[in-house]
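Reviewing the structure listed below.
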Amino acid sequence: MIQLGLNFEREVVCDQFNADEITSFRNQGWLFIEDFLPNDLYVRLASEWPRTRWFQPLKSTEVSKTYDSAFKIYVKSEPEAMVSKALSHVYRFLSSKEFESQISSLSLDSGSMQCYWLTTINSYWGSGLAPHRDTPDIDRSGRDRRINIIYFVDSNGEGWEAGGTAILATNNFSEPVFIPRRLKNSLLIYETGAPFFHGFPPIKFGKFRRVLTAHYKAFDKN
């Protein structure tokens with residue numbers, strides 16, 4: 001178990017990835033988990049979600065992505081001016097050495113995963129993410145050794161109607177491998193170098209989603 005005391009009434013407790021989850025991730029390059037955070041912390045995070053004024057639209061050059069983002073943190077810089085104590089708490093948890101160790105356990109690679117980027121995202125009706133693979137980041141071993149997390153905090157719908165990021169076999173939406181239905185307190189983890197695409201079609205009218213993203217990269221052990 002992971003236990004982090006970060007100035008909350010209770011510590012964050014999160015189970016280790018179990019053997020079946022690790023095997024599944026290694027076989028397919030992605031993993032979906034429900035009930036990721038303890039319920040009391042999750043409820044607080046959802047209820048303290050930052051107001052719209054804190055979010056900025058993506059640059060006009062980002063034609064494949066249409067959503068607003070805030071609190072972009074390059075780790076290991078300390079989150080500053082966070083308007084939500086719960087959000088700051090979760091940022092620290094996702095970038096902690098304890099959770100990095102969990103992420104490292106998912107991969108057969110001998111490198112140690114470290115969190116290097118965190119973002120808070122608002123998506124709304126009409127928002128979408130064109131099917132794509134992340135820009136490669138090839139290291140000295142000739143591999144892209146990164147793992148990304150999409151943590152679905154809240155939504156008022158399920159699946160594609162509210163922006164459920166899918167794993168796709170092709171660079172369109174015709175062959176979905178997996179579409180997450182539950183978009184509250186659930187987690188999609190995927191290898192950026194795996195041979196699949198990800199994305200979601202435009203969110204339906206009146207729907208929204210709120211997510212956190214975390215990015216991890218393997219560094220060689222000295």
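Ligands are numbered from 1 in the order shown, residues from 1 within each chain, and chains are lettered A, B, ... in the order they appear in the structure tokens.
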
* Would you kindly return, as a PyMOL selection string, each protein, DNA or RNA residue with an atom no farther than 9 Å from any atom of stretch 164-171 of chain A, considering only C-alpha atoms and excluding same-chain residues fewer than 5 positions away? => chain A and resi 30+129-133+150+152+158-159+176-183+188+190+195-201+203+209

* Kindly indicate which residue among A:Ser101, A:Ser96, A:Leu106, A:Phe36 lies nearest to A:Ser24, using only C-alpha atoms for the distances. => A:Leu106

* For A:Trp54, work out the shell of residues within 10 Å, counting only C-alpha atoms and skipping chain neighbours fewer than 6 positions away, then give it as a PyMOL selection string. => chain A and resi 68-71+82-83

Keeping only N, CA and C atoms, take the residues you just selected and write them out as a short mmCIF file (atom, residue, chain, number, x, y, z; two decimals), in the first residue's frame.
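Writing the result to selection-v3.cif gives the following:
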data_model
loop_
_atom_site.label_atom_id
_atom_site.label_comp_id
_atom_site.auth_asym_id
_atom_site.auth_seq_id
_atom_site.Cartn_x
_atom_site.Cartn_y
_atom_site.Cartn_z
N ASP A 68 -9.58 23.09 -22.81
CA ASP A 68 -8.90 24.13 -22.03
C ASP A 68 -8.05 23.46 -20.95
N SER A 69 -6.91 24.09 -20.61
CA SER A 69 -6.02 23.49 -19.64
C SER A 69 -5.55 24.52 -18.62
N ALA A 70 -5.06 24.02 -17.49
CA ALA A 70 -4.57 24.88 -16.41
C ALA A 70 -3.56 24.11 -15.58
N PHE A 71 -2.80 24.86 -14.77
CA PHE A 71 -1.86 24.29 -13.81
C PHE A 71 -0.92 23.28 -14.47
N MET A 82 -2.03 26.97 -6.32
CA MET A 82 -3.10 26.03 -6.61
C MET A 82 -4.35 26.47 -5.87
N VAL A 83 -5.46 26.56 -6.58
CA VAL A 83 -6.69 27.07 -5.97
C VAL A 83 -7.45 25.98 -5.24
#

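Minimum atom-to-atom distances from A:Leu187, A:Leu108, A:Ile73, A:Ile147 to A:Thr120 were compared using only C-alpha atoms, and the lowest value belongs to A:Ile73.
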
* Within 7 Å of A:Ser84, counting only C-alpha atoms, which residues show up once you throw out same-chain ones fewer than 6 positions away? Write them as a PyMOL selection string, please. => chain A and resi 48-50

Selection above as a file: N, CA and C atoms, as a PDB file, in the first residue's frame:
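And here's out18.pdb as it stands now:
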ATOM      1  N   GLU A  48     -13.941  20.543  -5.345  1.00  0.00           N
ATOM      2  CA  GLU A  48     -13.053  21.709  -5.330  1.00  0.00           C
ATOM      3  C   GLU A  48     -12.474  22.016  -6.716  1.00  0.00           C
ATOM      4  N   TRP A  49     -13.066  21.467  -7.749  1.00  0.00           N
ATOM      5  CA  TRP A  49     -12.512  21.672  -9.094  1.00  0.00           C
ATOM      6  C   TRP A  49     -12.409  23.167  -9.403  1.00  0.00           C
ATOM      7  N   PRO A  50     -11.275  23.618  -9.956  1.00  0.00           N
ATOM      8  CA  PRO A  50     -11.079  25.059 -10.198  1.00  0.00           C
ATOM      9  C   PRO A  50     -12.147  25.652 -11.113  1.00  0.00           C
TER      10      PRO A  50
END
